[in-house]
Each structure stands twice: as C-alpha cells, then as structure tokens.
file target_18.csv (CSV, C-alpha atoms)
chain,number,residue,atom,x,y,z
A,1468,MET,CA,0.0,0.0,0.0
A,1469,THR,CA,1.6,3.3,-1.1
A,1470,PRO,CA,-0.8,6.2,-0.9
A,1471,SER,CA,0.5,9.6,-1.9
A,1472,THR,CA,1.1,12.3,0.7
A,1473,THR,CA,-1.8,14.7,0.8
A,1474,ALA,CA,-1.4,18.5,0.9
A,1475,SER,CA,-3.1,18.7,4.3
A,1476,ARG,CA,-1.4,16.0,6.5
A,1477,PHE,CA,2.1,14.5,6.8
A,1478,ARG,CA,2.5,11.6,9.3
A,1479,THR,CA,5.9,11.0,10.8
A,1480,GLY,CA,6.8,8.1,13.0
A,1481,THR,CA,9.3,8.3,15.9
A,1482,ARG,CA,10.3,6.4,19.0
A,1483,PRO,CA,8.8,7.9,22.2
A,1484,SER,CA,12.1,8.3,24.2
A,1485,PRO,CA,13.1,11.8,25.3
A,1486,MET,CA,16.1,11.7,23.0
A,1487,ALA,CA,14.0,10.7,20.0
A,1488,MET,CA,11.4,13.4,20.7
A,1489,GLU,CA,14.2,16.0,20.8
A,1490,GLN,CA,15.3,14.8,17.4
A,1491,THR,CA,11.7,14.9,16.2
A,1492,GLY,CA,11.4,18.5,17.4
A,1493,ARG,CA,14.3,19.6,15.3
A,1494,PHE,CA,12.8,17.8,12.3
A,1495,GLU,CA,9.4,19.4,13.0
A,1496,ALA,CA,11.0,22.9,13.1
A,1497,ALA,CA,12.7,22.3,9.8
A,1498,PHE,CA,9.6,20.8,8.1
A,1499,ARG,CA,7.3,23.6,9.3
A,1500,SER,CA,9.8,26.2,8.1
A,1501,HIS,CA,9.8,24.8,4.5
A,1502,HIS,CA,6.1,23.6,4.4
A,1503,PRO,CA,4.0,25.9,6.7
A,1504,ASP,CA,0.8,24.9,5.0
A,1505,ILE,CA,1.1,21.1,5.6
A,1506,GLY,CA,-0.2,19.7,8.8
A,1507,LEU,CA,2.4,17.5,10.6
A,1508,GLU,CA,1.3,14.6,12.7
A,1509,ILE,CA,3.8,12.9,15.0
A,1510,VAL,CA,3.1,9.2,15.6
A,1511,LYS,CA,5.0,7.6,18.6
A,1512,ILE,CA,6.0,4.0,17.9
A,1513,THR,CA,7.6,1.9,20.7
A,1514,SER,CA,10.2,-0.4,19.1
A,1515,GLN,CA,11.1,-3.9,20.0
A,1516,GLY,CA,14.5,-2.6,21.0
A,1517,ASP,CA,12.9,-0.3,23.5
A,1518,GLN,CA,11.0,-3.1,25.2
A,1519,HIS,CA,13.6,-5.9,25.1
A,1520,ARG,CA,16.1,-5.9,27.9
A,1521,GLY,CA,18.3,-8.7,26.7
A,1522,PRO,CA,21.0,-8.7,24.0
A,1523,LEU,CA,19.8,-7.3,20.7
A,1524,ALA,CA,21.0,-10.4,18.9
A,1525,GLU,CA,18.1,-12.2,20.5
A,1526,ILE,CA,15.6,-10.1,18.5
A,1527,GLY,CA,17.4,-9.6,15.3
A,1528,GLY,CA,20.0,-7.0,16.0
A,1529,LYS,CA,19.8,-3.3,15.0
A,1530,GLY,CA,16.6,-3.8,13.1
A,1531,ALA,CA,14.9,-4.1,16.5
A,1532,PHE,CA,14.8,-0.3,16.7
A,1533,THR,CA,13.3,0.2,13.2
A,1534,ARG,CA,11.3,-2.9,12.4
A,1535,ARG,CA,7.9,-1.7,13.7
A,1536,ALA,CA,8.3,1.8,12.2
A,1537,ASP,CA,9.3,0.2,8.9
A,1538,ALA,CA,6.1,-1.8,8.9
A,1539,HIS,CA,4.0,1.3,9.5
A,1540,LEU,CA,5.8,3.0,6.7
A,1541,LEU,CA,5.6,0.2,4.1
A,1542,HIS,CA,1.9,-0.3,4.8
A,1543,GLY,CA,1.1,3.4,4.2
A,1544,ARG,CA,0.3,4.4,7.8
A,1545,LEU,CA,3.1,6.9,7.8
A,1546,GLU,CA,4.8,9.1,5.2
A,1547,ALA,CA,8.2,9.2,7.0
A,1548,THR,CA,10.1,8.0,10.0
A,1549,ILE,CA,12.9,9.6,12.1
A,1550,ALA,CA,15.9,7.7,13.5
A,1551,CYS,CA,19.5,8.1,14.5
A,1552,ALA,CA,21.6,6.9,11.6
A,1553,LYS,CA,23.7,4.6,13.7
A,1554,ASP,CA,20.5,2.7,14.7
A,1555,VAL,CA,19.4,2.2,11.1
A,1556,PRO,CA,20.3,-1.2,9.6
A,1557,GLY,CA,22.1,-1.4,6.3
A,1558,PRO,CA,20.2,-2.4,3.1
A,1559,HIS,CA,21.5,-6.0,3.4
A,1560,ASP,CA,19.8,-6.3,6.8
A,1561,ARG,CA,16.5,-4.7,5.8
A,1562,ALA,CA,13.4,-5.2,3.7
A,1563,PRO,CA,13.6,-3.2,0.4
A,1564,GLY,CA,11.5,-0.2,-0.3
A,1565,ILE,CA,12.7,2.4,2.2
A,1566,THR,CA,15.2,5.2,1.4
A,1567,VAL,CA,16.7,8.2,3.2
A,1568,GLY,CA,14.9,11.4,2.2
A,1569,ALA,CA,16.5,13.9,4.5
A,1570,VAL,CA,19.6,14.2,6.6
A,1571,LEU,CA,19.9,16.7,9.4
A,1572,PRO,CA,23.3,18.4,10.2
A,1573,ARG,CA,25.8,16.2,11.9
A,1574,GLU,CA,26.3,16.7,15.6
A,1575,ASP,CA,29.4,15.7,17.7
A,1576,VAL,CA,30.6,12.1,16.9
A,1577,ARG,CA,32.5,11.6,20.2
A,1578,ASP,CA,31.7,9.2,23.0
A,1579,VAL,CA,32.0,10.1,26.7
A,1580,LEU,CA,32.6,8.4,30.0
A,1581,VAL,CA,29.7,8.9,32.5
A,1582,LEU,CA,30.1,8.3,36.2
A,1583,PRO,CA,27.4,8.0,38.9
A,1584,ALA,CA,26.1,11.3,40.2
A,1585,GLY,CA,28.4,12.6,43.0
A,1586,HIS,CA,31.4,10.5,41.9
A,1587,PRO,CA,34.6,12.5,41.7
A,1588,PRO,CA,35.7,13.2,38.1
A,1589,ALA,CA,37.8,10.5,36.6
A,1590,THR,CA,39.1,9.3,33.2
A,1591,LEU,CA,39.2,5.7,31.9
A,1592,ASP,CA,42.9,5.6,32.7
A,1593,GLU,CA,42.2,6.6,36.3
A,1594,LEU,CA,39.5,4.0,37.0
A,1595,PRO,CA,40.6,1.1,39.2
A,1596,PRO,CA,41.2,-2.4,37.7
A,1597,GLY,CA,38.0,-4.4,37.4
A,1598,THR,CA,35.7,-1.4,37.0
A,1599,ARG,CA,32.6,-2.5,35.2
A,1600,VAL,CA,32.0,-0.3,32.2
A,1601,GLY,CA,28.5,-0.4,30.7
A,1602,THR,CA,27.9,-0.4,27.0
A,1603,SER,CA,25.6,-2.1,24.5
A,1604,ALA,CA,27.9,-1.5,21.5
A,1605,PRO,CA,30.4,-4.1,20.3
A,1606,ARG,CA,32.6,-1.3,19.0
A,1607,ARG,CA,32.9,0.2,22.5
A,1608,ALA,CA,33.5,-3.1,24.2
A,1609,ALA,CA,36.3,-3.9,21.7
A,1610,LEU,CA,37.9,-0.5,22.2
A,1611,LEU,CA,37.8,-1.0,26.0
A,1612,LYS,CA,39.5,-4.4,25.7
A,1613,ALA,CA,42.2,-3.0,23.4
A,1614,LEU,CA,42.9,0.4,25.1
A,1615,HIS,CA,41.9,-0.3,28.7
A,1616,PRO,CA,42.3,-4.1,29.3
A,1617,LYS,CA,42.1,-3.6,33.1
A,1618,LEU,CA,38.5,-2.6,32.8
A,1619,VAL,CA,35.5,-4.9,32.2
A,1620,PRO,CA,32.9,-4.1,29.6
A,1621,VAL,CA,29.4,-5.3,30.6
A,1622,PRO,CA,26.2,-5.2,28.5
A,1623,ILE,CA,23.5,-2.7,29.4
A,1624,ARG,CA,20.2,-1.9,27.8
A,1625,GLY,CA,17.6,0.9,27.8
A,1626,ASN,CA,17.3,4.4,26.6
A,1627,ALA,CA,20.0,6.9,27.5
A,1628,ASP,CA,17.9,8.6,30.2
A,1629,THR,CA,16.9,5.3,31.7
A,1630,ARG,CA,20.5,4.1,31.8
A,1631,MET,CA,21.6,7.3,33.4
A,1632,ASN,CA,18.9,7.0,36.2
A,1633,ALA,CA,19.9,3.4,36.8
A,1634,LEU,CA,23.6,4.3,37.0
A,1635,ASP,CA,22.8,6.9,39.6
A,1636,ALA,CA,20.6,4.5,41.6
A,1637,GLY,CA,23.2,1.7,41.5
A,1638,THR,CA,20.9,-0.6,39.6
A,1639,LEU,CA,22.5,-0.5,36.1
A,1640,GLY,CA,24.8,-3.5,36.6
A,1641,ALA,CA,27.8,-1.4,35.8
A,1642,ASP,CA,30.0,1.0,37.8
A,1643,VAL,CA,30.3,3.6,35.0
A,1644,MET,CA,29.1,3.8,31.4
A,1645,ILE,CA,30.0,5.0,27.9
A,1646,ALA,CA,27.5,7.2,26.1
A,1647,ALA,CA,27.3,9.4,23.0
A,1648,LEU,CA,28.0,13.1,23.6
A,1649,ALA,CA,25.4,14.1,21.0
A,1650,GLY,CA,22.8,12.1,22.9
A,1651,LEU,CA,23.6,13.7,26.2
A,1652,ARG,CA,23.4,17.2,24.6
A,1653,ARG,CA,19.9,16.3,23.2
A,1654,LEU,CA,18.9,15.5,26.8
A,1655,ASP,CA,20.6,18.6,28.3
A,1656,LEU,CA,22.9,16.3,30.2
A,1657,ALA,CA,26.3,17.1,28.6
A,1658,ASP,CA,27.6,18.2,32.0
A,1659,ARG,CA,27.5,14.5,33.1
A,1660,ALA,CA,30.5,13.7,30.8
A,1661,SER,CA,33.5,13.0,33.0
A,1662,GLN,CA,35.7,12.5,30.0
A,1663,ILE,CA,35.3,13.2,26.3
A,1664,LEU,CA,36.9,10.4,24.3
A,1665,GLU,CA,38.7,11.8,21.3
A,1666,PRO,CA,38.0,10.1,18.0
A,1667,THR,CA,41.7,9.8,17.0
A,1668,SER,CA,41.9,6.9,19.5
A,1669,TRP,CA,38.4,6.2,20.6
A,1670,LEU,CA,36.9,5.5,17.2
A,1671,PRO,CA,33.4,6.8,16.5
A,1672,ALA,CA,30.4,4.8,15.2
A,1673,ALA,CA,29.4,5.0,11.6
A,1674,GLY,CA,26.5,7.5,11.4
A,1675,ALA,CA,27.3,8.9,14.8
A,1676,GLY,CA,25.5,12.2,15.5
A,1677,ILE,CA,23.3,12.1,12.4
A,1678,VAL,CA,19.5,12.1,12.3
A,1679,VAL,CA,17.8,10.7,9.2
A,1680,ILE,CA,14.3,10.9,7.9
A,1681,GLU,CA,13.2,8.0,5.7
A,1682,HIS,CA,10.3,7.3,3.4
A,1683,ARG,CA,9.0,4.7,0.9
A,1684,THR,CA,11.2,4.6,-2.1
A,1685,ASP,CA,8.2,4.9,-4.5
A,1686,ASP,CA,6.7,7.8,-2.7
A,1687,HIS,CA,8.2,10.6,-4.8
A,1688,THR,CA,5.9,13.3,-3.3
A,1689,THR,CA,7.3,12.7,0.1
A,1690,GLY,CA,10.8,12.6,-1.3
A,1691,GLY,CA,10.2,16.0,-2.8
A,1692,LEU,CA,9.0,17.4,0.5
A,1693,LEU,CA,11.9,16.0,2.5
A,1694,ALA,CA,14.8,16.9,0.1
A,1695,PRO,CA,15.0,20.6,1.0
A,1696,LEU,CA,15.6,19.7,4.6
A,1697,THR,CA,18.9,17.8,3.9
A,1698,HIS,CA,22.2,19.2,5.0
A,1699,ALA,CA,24.3,18.3,1.9
A,1700,PRO,CA,27.7,17.9,3.5
A,1701,THR,CA,26.3,15.6,6.2
A,1702,ARG,CA,24.5,13.5,3.5
A,1703,VAL,CA,27.9,13.0,1.8
A,1704,LEU,CA,29.4,11.8,5.1
A,1705,LEU,CA,26.5,9.5,5.8
A,1706,ASP,CA,26.5,7.9,2.3
A,1707,ALA,CA,30.2,7.2,2.5
A,1708,GLU,CA,30.1,5.7,6.0
A,1709,ARG,CA,27.1,3.5,5.1
A,1710,ALA,CA,28.7,2.3,1.9
A,1711,THR,CA,31.7,1.1,3.9
A,1712,LEU,CA,29.4,-0.8,6.3
A,1713,ALA,CA,27.5,-2.3,3.4
A,1714,ALA,CA,30.8,-3.5,1.8
A,1715,LEU,CA,31.6,-5.2,5.1
A,1716,HIS,CA,28.0,-6.4,5.6
A,1717,GLY,CA,28.3,-4.8,9.0
A,1718,GLY,CA,25.5,-4.3,11.4
A,1719,CYS,CA,24.6,-4.0,15.1
A,1720,LEU,CA,26.9,-6.8,16.1
A,1721,THR,CA,29.9,-5.5,14.1
A,1722,ALA,CA,32.9,-4.2,16.1
A,1723,ALA,CA,33.8,-1.5,13.5
A,1724,SER,CA,34.2,2.2,13.1
A,1725,VAL,CA,33.7,4.3,10.0
A,1726,HIS,CA,34.4,8.0,10.1
A,1727,ALA,CA,34.2,10.2,7.0
A,1728,THR,CA,35.5,13.8,6.8
A,1729,LEU,CA,35.3,16.6,4.2
A,1730,ASP,CA,38.2,19.1,3.8
A,1731,GLU,CA,37.9,22.7,2.8
A,1732,ALA,CA,38.5,21.7,-0.8
A,1733,GLY,CA,35.6,19.4,-0.8
A,1734,ASP,CA,37.7,16.2,-0.9
A,1735,LEU,CA,36.3,13.2,1.0
A,1736,THR,CA,38.3,10.9,3.3
A,1737,VAL,CA,36.9,7.7,4.9
A,1738,HIS,CA,38.8,6.1,7.8
A,1739,ALA,CA,37.5,2.6,8.5
A,1740,VAL,CA,38.5,0.2,11.2
A,1741,VAL,CA,37.4,-3.4,12.0
A,1742,LEU,CA,38.2,-4.1,15.6
A,1743,ASP,CA,39.0,-7.4,17.3
A,1744,PRO,CA,36.3,-8.1,19.8
A,1745,THR,CA,38.8,-10.0,21.9
A,1746,GLY,CA,41.1,-6.9,22.2
A,1747,GLY,CA,43.7,-7.8,19.5
A,1748,ALA,CA,45.1,-5.6,16.8
A,1749,PRO,CA,42.5,-3.9,14.6
A,1750,LEU,CA,42.6,-3.7,10.8
A,1751,ARG,CA,42.5,-0.2,9.3
A,1752,SER,CA,42.0,1.4,5.9
A,1753,VAL,CA,41.7,4.8,4.4
A,1754,ALA,CA,40.1,5.9,1.1
A,1755,THR,CA,39.9,9.3,-0.5
A,1756,GLY,CA,38.0,10.7,-3.4
A,1757,PRO,CA,35.6,13.3,-4.6
A,1758,ALA,CA,32.6,14.3,-2.5
A,1759,ALA,CA,30.5,13.7,-5.6
A,1760,ASP,CA,31.1,9.9,-5.2
A,1761,PRO,CA,30.6,9.1,-1.5
A,1762,ALA,CA,29.3,5.6,-2.1
A,1763,GLY,CA,32.4,4.8,-4.2
A,1764,VAL,CA,34.9,6.1,-1.7
A,1765,GLY,CA,33.2,4.4,1.2
A,1766,HIS,CA,33.0,1.1,-0.7
A,1767,ARG,CA,36.7,1.2,-1.5
A,1768,ALA,CA,37.5,1.7,2.2
A,1769,GLY,CA,35.4,-1.4,3.0
A,1770,GLU,CA,36.9,-3.5,0.2
A,1771,ARG,CA,40.4,-2.7,1.4
A,1772,LEU,CA,39.5,-4.0,4.8
A,1773,LEU,CA,38.1,-7.2,3.3
A,1774,ARG,CA,41.3,-7.7,1.3
A,1775,ALA,CA,43.3,-7.2,4.5
A,1776,GLY,CA,41.5,-10.0,6.2
A,1777,ALA,CA,38.6,-8.3,8.0
A,1778,THR,CA,36.3,-11.2,7.2
A,1779,HIS,CA,38.0,-13.2,10.0
A,1780,LEU,CA,37.5,-10.4,12.6
A,1781,LEU,CA,34.0,-9.8,11.5
A,1782,GLY,CA,33.1,-13.4,12.6
A,1783,VAL,CA,34.9,-13.2,15.9
A,1784,ARG,CA,32.8,-13.2,19.1
A,1785,PRO,CA,34.3,-12.1,22.4
call {"tool": "encode", "arguments": {"input": "target_18.csv", "output": "structure tokens"}}
result
Amino acid sequence: MTPSTTASRFRTGTRPSPMAMEQTGRFEAAFRSHHPDIGLEIVKITSQGDQHRGPLAEIGGKGAFTRRADAHLLHGRLEATIACAKDVPGPHDRAPGITVGAVLPREDVRDVLVLPAGHPPATLDELPPGTRVGTSAPRRAALLKALHPKLVPVPIRGNADTRMNALDAGTLGADVMIAALAGLRRLDLADRASQILEPTSWLPAAGAGIVVIEHRTDDHTTGGLLAPLTHAPTRVLLDAERATLAALHGGCLTAASVHATLDEAGDLTVHAVVLDPTGGAPLRSVATGPAADPAGVGHRAGERLLRAGATHLLGVRP
C-alpha cells in the first residue's frame, strides 16, 4: 500500500524516548519552516529494542529499533520515519522499499565516560582495575579491551535517560558507562560527561551524530518534501560511511568504526577500522576521493579491509 502524501497531512513516526522526541522537534521545526501549509502529525512507535532488555541479537540486532516503524511506513500508515543513523540497519539487513529522504546536520561524533552522580571526576585511565563499564555497543566493548584491558565491559540496555537513572541508583549492573555526547546534549545532560573520548583513538560509530528521515522509495511526493531539509555535507558523510558498512555487511553486532570527513577543498576521506572483539590488533583502511562519489569512496574503504582479512575479525565473538 503506497498512498500519496496529501497536501493537508504529513504523518511521521518516531520512537517515544526523550532523545527521539528532541530529534523529532528539530525535524518538526525544519519541516514547518519549509512547508508551513502542511499539517504535521507525530506518531509515537515503541520499538522492540525499547521493550527488550536482553541482547539485541536475540531479537534480530539493530533492526529491533526500526522494524515496527518500517512496517507502518511500508503499509502506508506513515509518510516518513525519524531515527539516529547509527541505529538504522544497512540495506543488506532490511526489507527493500525504504530510502533516506533527508539528513539533518551532523552533531558531535564523540563518546564520553559517564560516572554516577556525585562521583569525583575521573578518566578511563584513572578507573581502578575491574571497574565494570556499561555499553551495548560491540565497538565500544572492543575498544575497551584494546585500550583499557584492566576494565571490564558489561552489556547494558535501555534508553539513555533510563540508563543514566539506573547508573545513579546503582541498579545498572555497571559502575560507569559510555554514552554518545550528542545524545547527552539532546537531553541537556552534557555536564555529566566526566571524560570526552577523542576520535583519534576512541573511534566513533558509523552514522554517529546524524539524524535521518526515511520514506518509501516509490513515494516521490514525500521525497520531494523532504529533500530541501537535507544538509548536503552531512549527506555525503553518511552515504560514505554506510557504503563502507555495506561492503563489510556490517550491522549491530559488528565491532567496527567508519568516520568520514570533508576538507575545505571538498575532498572526502573515509577512515575505516574493524576491531578485534577480543582486544587484539585492529585492521585499518583509508580511502579518499571526490565528494560527488561518497558511495564509491566508502565502498573502497570497506573493500580494502576485506582484502586485508577483515572477514575473519567480523566473525569473531568475544
């Protein structure tokens, strides 16, 4: 079912978490600025990932955050959906028929160390051996094992605000946790960052700090409405990073980092790393090329990793 967008109503789906609603607010402001005569309806959809408290692998990985919204979209109950790019599965892990229609400006890509409320400031280097560090991301767990082997990564689940409350209450199952700085800023909690982890060593996630709005591929009316909202440089970065992940067939359980940058001349560089989940040496690649071909540049970065033996690491489990 693929009804066309009407001139009077535009239905957009989003997760109901405080962070998702902040993202939705920024999309809403941009949409109303460009289309003041179209009514915008925000539909809250609780994902399987929001409800499940076990490992994401038990419910299909990263798609747990988008599967229900995708179904609403593909059955014509929505015109668009909003998500963090790093939570969106690649095309190899997803039903066809959905495409990115708009990309909002990229925010900070860095992760941060968060301590319980009232804890004296500390860095990862200063934490005592055996400190349990909460994270749900294989990338972060692999980085901890490689860079801070005295610390113990432990899995945690829940939205950022829920995890923060549990950390402060001592019920998280971890002594400290790693979070995205962009996410904390969306929640007005950036002051909780005890240490900002620089991306030169603490490698960022592909799609970090990017909000995407998706629609049905065959809904060209919606595509036309969303296109003016796109921040073109961020779209280049996103397309390059997702092309690398696609080449690797990477997903939620992949311990990998892809970070694209644009220089003042408009040249694109993609740094890609596949990490060893057991803490061993990572594999790295770099690809450069014109911003007009982000998918090609990103794909080359991924292919170079595969030729260097990344397939073995991609199959390793801690």
call {"tool": "atom_distance", "arguments": {"input": "target_18.csv", "atom1": "atom CA of A:Val1737", "atom2": "atom CA of A:Ala1646"}}
result
23.2 Å
call {"tool": "closest_residue", "arguments": {"input": "target_18.csv", "among": "A:Gly1746, A:Val1703, A:Gln1490, A:Lys1511", "to": "A:Val1619", "atoms": "all atoms listed in the file"}}
result
A:Gly1746
call {"tool": "residues_around", "arguments": {"input": "target_18.csv", "residues": "A:Glu1665", "least_positions_apart": "2", "cutoff": "10 Å", "atoms": "all atoms listed in the file", "output": "list of chain:residue names"}}
result
A:Val1576, A:Arg1577, A:Asp1578, A:Val1579, A:Gln1662, A:Ile1663, A:Thr1667, A:Ser1668, A:Trp1669, A:Leu1670, A:Pro1671
call {"tool": "residues_around", "arguments": {"input": "target_18.csv", "residues": "A:Glu1770", "least_positions_apart": "3", "cutoff": "8 Å", "atoms": "all atoms listed in the file", "output": "VMD selection string"}}
result
chain A and resid 1711 1714 to 1715 1766 to 1767 1773 to 1774
call {"tool": "residues_around", "arguments": {"input": "target_18.csv", "residues": "A:Thr1590", "least_positions_apart": "4", "cutoff": "8 Å", "atoms": "only C-alpha atoms", "output": "PDB file with C-alpha atoms, in the coordinates of the input"}}
result
ATOM      1  CA  LEU A1580      32.600   8.400  30.000  1.00  0.00           C
ATOM      2  CA  LEU A1594      39.500   4.000  37.000  1.00  0.00           C
ATOM      3  CA  SER A1661      33.500  13.000  33.000  1.00  0.00           C
ATOM      4  CA  GLN A1662      35.700  12.500  30.000  1.00  0.00           C
TER       5      GLN A1662
END
call {"tool": "closest_residue", "arguments": {"input": "target_18.csv", "among": "A:Pro1700, A:Gly1776, A:Pro1588, A:Gly1480", "to": "A:Pro1761", "atoms": "all atoms listed in the file"}}
result
A:Pro1700
call {"tool": "closest_residue", "arguments": {"input": "target_18.csv", "among": "A:Ala1569, A:Ile1677, A:Ala1496, A:Val1764", "to": "A:Ala1694", "atoms": "all atoms listed in the file"}}
result
A:Ala1569
call {"tool": "atom_distance", "arguments": {"input": "target_18.csv", "atom1": "atom CA of A:Pro1605", "atom2": "atom CA of A:Pro1587"}}
result
27.4 Å
call {"tool": "closest_residue", "arguments": {"input": "target_18.csv", "among": "A:Leu1507, A:Cys1551, A:Ala1497, A:Leu1735", "to": "A:Arg1476", "atoms": "all atoms listed in the file"}}
result
A:Leu1507
call {"tool": "atom_distance", "arguments": {"input": "target_18.csv", "atom1": "atom CA of A:Leu1614", "atom2": "atom CA of A:Thr1745"}}
result
11.6 Å
call {"tool": "residues_around", "arguments": {"input": "target_18.csv", "residues": "A:Met1488", "least_positions_apart": "4", "cutoff": "10 Å", "atoms": "only C-alpha atoms", "output": "PyMOL selection string"}}
result
chain A and resi 1481-1484+1492-1495+1509+1511+1549+1653-1654
call {"tool": "write_last_selection", "arguments": {"input": "target_18.csv", "atoms": "C-alpha atoms", "output": "CSV table (one decimal), keeping the file's coordinate frame"}}
result
chain,number,residue,atom,x,y,z
A,1481,THR,CA,9.3,8.3,15.9
A,1482,ARG,CA,10.3,6.4,19.0
A,1483,PRO,CA,8.8,7.9,22.2
A,1484,SER,CA,12.1,8.3,24.2
A,1492,GLY,CA,11.4,18.5,17.4
A,1493,ARG,CA,14.3,19.6,15.3
A,1494,PHE,CA,12.8,17.8,12.3
A,1495,GLU,CA,9.4,19.4,13.0
A,1509,ILE,CA,3.8,12.9,15.0
A,1511,LYS,CA,5.0,7.6,18.6
A,1549,ILE,CA,12.9,9.6,12.1
A,1653,ARG,CA,19.9,16.3,23.2
A,1654,LEU,CA,18.9,15.5,26.8
call {"tool": "residues_around", "arguments": {"input": "target_18.csv", "residues": "A:Val1600", "least_positions_apart": "5", "cutoff": "8 Å", "atoms": "all atoms listed in the file", "output": "number ranges by chain"}}
result
A: 1618-1621, 1641-1645
call {"tool": "residues_near_point", "arguments": {"input": "target_18.csv", "point": "(37.6, -1.3, 13.9)", "cutoff": "10 Å", "atoms": "all atoms listed in the file", "output": "MDAnalysis selection string"}}
result
chainID A and resid 1606:1607 1609:1610 1670:1672 1721:1725 1738:1744 1748:1752 1772 1777 1780:1781
call {"tool": "residues_near_point", "arguments": {"input": "target_18.csv", "point": "(1.7, 19.9, 7.8)", "cutoff": "12 Å", "atoms": "all atoms listed in the file", "output": "PyMOL selection string"}}
result
chain A and resi 1472-1479+1495-1509+1546+1689+1692
call {"tool": "closest_residue", "arguments": {"input": "target_18.csv", "among": "A:Ala1673, A:Ile1512, A:Leu1541, A:Val1567", "to": "A:Thr1697", "atoms": "all atoms listed in the file"}}
result
A:Val1567
call {"tool": "closest_residue", "arguments": {"input": "target_18.csv", "among": "A:Arg1652, A:His1586, A:Arg1534, A:Arg1573", "to": "A:Gly1674", "atoms": "all atoms listed in the file"}}
result
A:Arg1573
